[in-house]
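Student: Have a look at the structure that comes next, please.
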Amino acid sequence: MHCSVPPPQRGLSLVELLMTLAVAVVALSASLPLFTDLRAGIQLRASLNHWMSALAQARISAAERGRPVVACPAAGERCEATLFWHNGWIVFEDTDQDGQRGSNEPLLLTTPPSSEVHIGSSSGRQRIVYRPDGSSEGSNVTVTFCDRRGADRARTIVVSNAGRARSGSATPAQAALVCNSG
């Protein structure tokens, strides 16, 4: 008579399964801050890219239309007297050249509020005006962008008098002004 030995059981015990799940939870919770920082960085870059594109379009529109085009922080479809742009902003053709959007002036762009990225412009610069020759009215303007990661990661866009926009890192003073605007 020949006796056969049953094959060994294959699978996990309840204890082994719980230990595996515990290790997975610890690994995921350790990586969560990395993902939130990654998300914040992507939103900041998207905001910068949107601004660069909008400023380029405003400059082109001023040249094509032969009239000034204004970008300003806005409440609805009207400019606000503030340096902070994260509550929304607009771009419009300023046909009467008063720096404020009238009901008959074409609205070229509306950007909704941003709860993720704080945006502020240089002291005294509550709007960016492009002339028909493509230049920007007034002195250079610096627009600073700050997200939840803080002042160390703040970025800027500088618009020169010639109308060209370039991006860069924010100075500690620029970052402090915008990052603390909460």
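Ligands are numbered from 1 in the order shown, residues from 1 within each chain, and chains are lettered A, B, ... in the order they appear in the structure tokens.
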Counting only C-alpha atoms, which residues of region 83-155 of chain A sit at most 10 Å from some atom of region 160-170 of chain A, and what is each one's closest atom pair with its distance in Å to one decimal, listed by chain and rising residue number, as a Markdown table?

Tutor:
| residue | atom | partner | partner_atom | distance |
| --- | --- | --- | --- | --- |
| A:Ile128 | CA | A:Gly163 | CA | 9.6 |
| A:Val129 | CA | A:Gly163 | CA | 9.0 |
| A:Tyr130 | CA | A:Gly163 | CA | 6.9 |
| A:Arg131 | CA | A:Gly163 | CA | 8.7 |
| A:Asp133 | CA | A:Ala162 | CA | 9.1 |
| A:Gly134 | CA | A:Gly163 | CA | 5.8 |
| A:Ser135 | CA | A:Gly163 | CA | 4.2 |
| A:Ser136 | CA | A:Gly163 | CA | 4.5 |
| A:Glu137 | CA | A:Asn161 | CA | 6.4 |
| A:Gly138 | CA | A:Asn161 | CA | 6.8 |
| A:Ser139 | CA | A:Asn161 | CA | 6.1 |
| A:Asn140 | CA | A:Ser160 | CA | 4.6 |
| A:Val141 | CA | A:Ser160 | CA | 6.8 |
| A:Thr142 | CA | A:Ser160 | CA | 8.8 |
| A:Val143 | CA | A:Ala170 | CA | 9.2 |
| A:Thr144 | CA | A:Ala170 | CA | 6.7 |
| A:Phe145 | CA | A:Ala170 | CA | 8.2 |
| A:Cys146 | CA | A:Ala170 | CA | 9.1 |
| A:Ala151 | CA | A:Ala170 | CA | 8.1 |
| A:Asp152 | CA | A:Ala170 | CA | 8.3 |
| A:Arg153 | CA | A:Ser169 | CA | 7.8 |
| A:Ala154 | CA | A:Ala170 | CA | 5.5 |
| A:Arg155 | CA | A:Ser169 | CA | 4.5 |

Student: Output N, CA and C atoms for every residue in that selection, as an mmCIF file, in the first residue's frame.

Tutor:
data_model
loop_
_atom_site.group_PDB
_atom_site.id
_atom_site.type_symbol
_atom_site.label_atom_id
_atom_site.label_comp_id
_atom_site.auth_asym_id
_atom_site.auth_seq_id
_atom_site.Cartn_x
_atom_site.Cartn_y
_atom_site.Cartn_z
ATOM 1 N N ILE A 128 -1.604 95.945 -16.090
ATOM 2 C CA ILE A 128 -0.567 95.870 -17.118
ATOM 3 C C ILE A 128 -1.218 96.360 -18.407
ATOM 4 N N VAL A 129 -0.647 97.393 -19.003
ATOM 5 C CA VAL A 129 -1.214 97.987 -20.212
ATOM 6 C C VAL A 129 -0.227 97.785 -21.364
ATOM 7 N N TYR A 130 -0.725 97.185 -22.442
ATOM 8 C CA TYR A 130 0.064 97.066 -23.667
ATOM 9 C C TYR A 130 -0.412 98.111 -24.655
ATOM 10 N N ARG A 131 0.538 98.837 -25.234
ATOM 11 C CA ARG A 131 0.243 99.845 -26.256
ATOM 12 C C ARG A 131 0.205 99.174 -27.636
ATOM 13 N N ASP A 133 2.066 99.587 -30.072
ATOM 14 C CA ASP A 133 3.404 99.249 -30.578
ATOM 15 C C ASP A 133 4.000 98.033 -29.854
ATOM 16 N N GLY A 134 3.239 97.420 -28.933
ATOM 17 C CA GLY A 134 3.701 96.227 -28.218
ATOM 18 C C GLY A 134 4.433 96.512 -26.932
ATOM 19 N N SER A 135 4.684 97.785 -26.645
ATOM 20 C CA SER A 135 5.377 98.125 -25.405
ATOM 21 C C SER A 135 4.390 98.116 -24.238
ATOM 22 N N SER A 136 4.958 98.104 -23.026
ATOM 23 C CA SER A 136 4.139 98.098 -21.822
ATOM 24 C C SER A 136 4.248 99.456 -21.138
ATOM 25 N N GLU A 137 3.111 100.028 -20.836
ATOM 26 C CA GLU A 137 3.040 101.355 -20.235
ATOM 27 C C GLU A 137 3.559 101.337 -18.802
ATOM 28 N N GLY A 138 4.298 102.377 -18.412
ATOM 29 C CA GLY A 138 4.791 102.504 -17.038
ATOM 30 C C GLY A 138 6.136 101.838 -16.859
ATOM 31 N N SER A 139 6.496 101.618 -15.615
ATOM 32 C CA SER A 139 7.773 100.973 -15.302
ATOM 33 C C SER A 139 7.628 99.454 -15.403
ATOM 34 N N ASN A 140 8.765 98.755 -15.317
ATOM 35 C CA ASN A 140 8.712 97.298 -15.303
ATOM 36 C C ASN A 140 7.765 96.844 -14.196
ATOM 37 N N VAL A 141 7.065 95.766 -14.441
ATOM 38 C CA VAL A 141 6.169 95.201 -13.426
ATOM 39 C C VAL A 141 6.594 93.755 -13.163
ATOM 40 N N THR A 142 6.625 93.400 -11.888
ATOM 41 C CA THR A 142 6.931 92.031 -11.489
ATOM 42 C C THR A 142 5.683 91.428 -10.882
ATOM 43 N N VAL A 143 5.284 90.271 -11.397
ATOM 44 C CA VAL A 143 4.140 89.540 -10.866
ATOM 45 C C VAL A 143 4.713 88.297 -10.186
ATOM 46 N N THR A 144 4.400 88.136 -8.906
ATOM 47 C CA THR A 144 4.949 87.036 -8.102
ATOM 48 C C THR A 144 3.874 85.986 -7.856
ATOM 49 N N PHE A 145 4.277 84.725 -7.942
ATOM 50 C CA PHE A 145 3.386 83.578 -7.774
ATOM 51 C C PHE A 145 3.896 82.733 -6.607
ATOM 52 N N CYS A 146 3.008 82.383 -5.687
ATOM 53 C CA CYS A 146 3.391 81.593 -4.520
ATOM 54 C C CYS A 146 2.327 80.528 -4.259
ATOM 55 N N ALA A 151 7.582 80.535 0.402
ATOM 56 C CA ALA A 151 8.385 81.566 -0.251
ATOM 57 C C ALA A 151 9.598 81.012 -0.995
ATOM 58 N N ASP A 152 10.153 79.919 -0.538
ATOM 59 C CA ASP A 152 11.337 79.344 -1.199
ATOM 60 C C ASP A 152 11.040 78.891 -2.627
ATOM 61 N N ARG A 153 9.793 78.592 -2.920
ATOM 62 C CA ARG A 153 9.417 78.102 -4.248
ATOM 63 C C ARG A 153 8.712 79.150 -5.099
ATOM 64 N N ALA A 154 8.625 80.385 -4.610
ATOM 65 C CA ALA A 154 7.918 81.441 -5.346
ATOM 66 C C ALA A 154 8.636 81.759 -6.656
ATOM 67 N N ARG A 155 7.852 82.101 -7.660
ATOM 68 C CA ARG A 155 8.363 82.436 -9.001
ATOM 69 C C ARG A 155 7.818 83.799 -9.412
#

Student: Find the nearest atom pair between each residue of region 87-128 of chain A and region 29-49 of chain A for residues within 10 Å, count only C-alpha atoms, give distances in Å to one decimal, sort rows by chain and ascending number, and present the table as a tab-separated table.

Tutor:
residue	atom	partner	partner_atom	distance
A:Ser114	CA	A:Ser47	CA	9.1
A:Glu116	CA	A:Gln43	CA	7.4
A:Val117	CA	A:Leu44	CA	6.3
A:His118	CA	A:Leu44	CA	9.2
A:Ile119	CA	A:Ser47	CA	9.3

Student: For those residues, write C-alpha atoms to a file as a short mmCIF file (atom, residue, chain, number, x, y, z; two decimals), in the first residue's frame.

Tutor:
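As written to disk, part-v3.cif reads:
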data_model
loop_
_atom_site.label_atom_id
_atom_site.label_comp_id
_atom_site.auth_asym_id
_atom_site.auth_seq_id
_atom_site.Cartn_x
_atom_site.Cartn_y
_atom_site.Cartn_z
CA SER A 114 -7.23 80.63 -7.70
CA GLU A 116 -4.03 77.22 -4.85
CA VAL A 117 -1.71 79.95 -6.15
CA HIS A 118 -1.40 83.47 -4.70
CA ILE A 119 -0.52 86.15 -7.24
#

Student: For Leu83 (chain A), which residue out of A:Asp147, A:Val178, A:Thr156, A:Gly120 is the nearest one, using only C-alpha atoms?

Tutor: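 Looking at the shortest contact to Leu83 (chain A), the residue is A:Gly120.
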
Student: Enter the distance from CA of Gly11 (chain A) to CA of Val25 (chain A), in Å, rounded to one decimal.

Tutor: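 For CA of Gly11 (chain A) relative to CA of Val25 (chain A), the distance reads 21.2 Å.
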
Student: Please extract the residues of region 4-162 of chain A with a backbone DSSP assignment of helix (DSSP H, G or I) and present them as a ChimeraX atom specification.

Tutor: /A:14-65,151-153

Student: From chain A, collect each residue whose DSSP state is strand (DSSP E) and return the set as an MDAnalysis selection string.

Tutor: chainID A and resid 69:75 78:79 89:93 107:111 118:121 128:130 141:146 155:159 165:169

Student: Considering only C-alpha atoms, state which residue in the set A:Ile90, A:Leu177, A:Leu18, A:Ala62 is at the smallest distance from Leu108 (chain A).

Tutor: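 Of all the options, A:Ile90 lies closest to Leu108 (chain A).
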
Student: Measuring between only C-alpha atoms, which one of A:Cys79, A:Ala24, A:Thr95, A:Ser103 shows the shortest distance to Arg67 (chain A)?

Tutor: A:Thr95

Student: With distances taken over only C-alpha atoms, which residue among A:Cys179, A:Val5, A:Leu17, A:Val70 lies nearest Leu55 (chain A)?

Tutor: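 Counting only C-alpha atoms, the residue closest to Leu55 (chain A) is A:Val70.
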
Student: How far is it from CA of Pro106 (chain A) to CA of Gly66 (chain A), in Å with one decimal?

Tutor: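 Atom-to-atom, CA of Pro106 (chain A) and CA of Gly66 (chain A) are spaced 13.5 Å apart.
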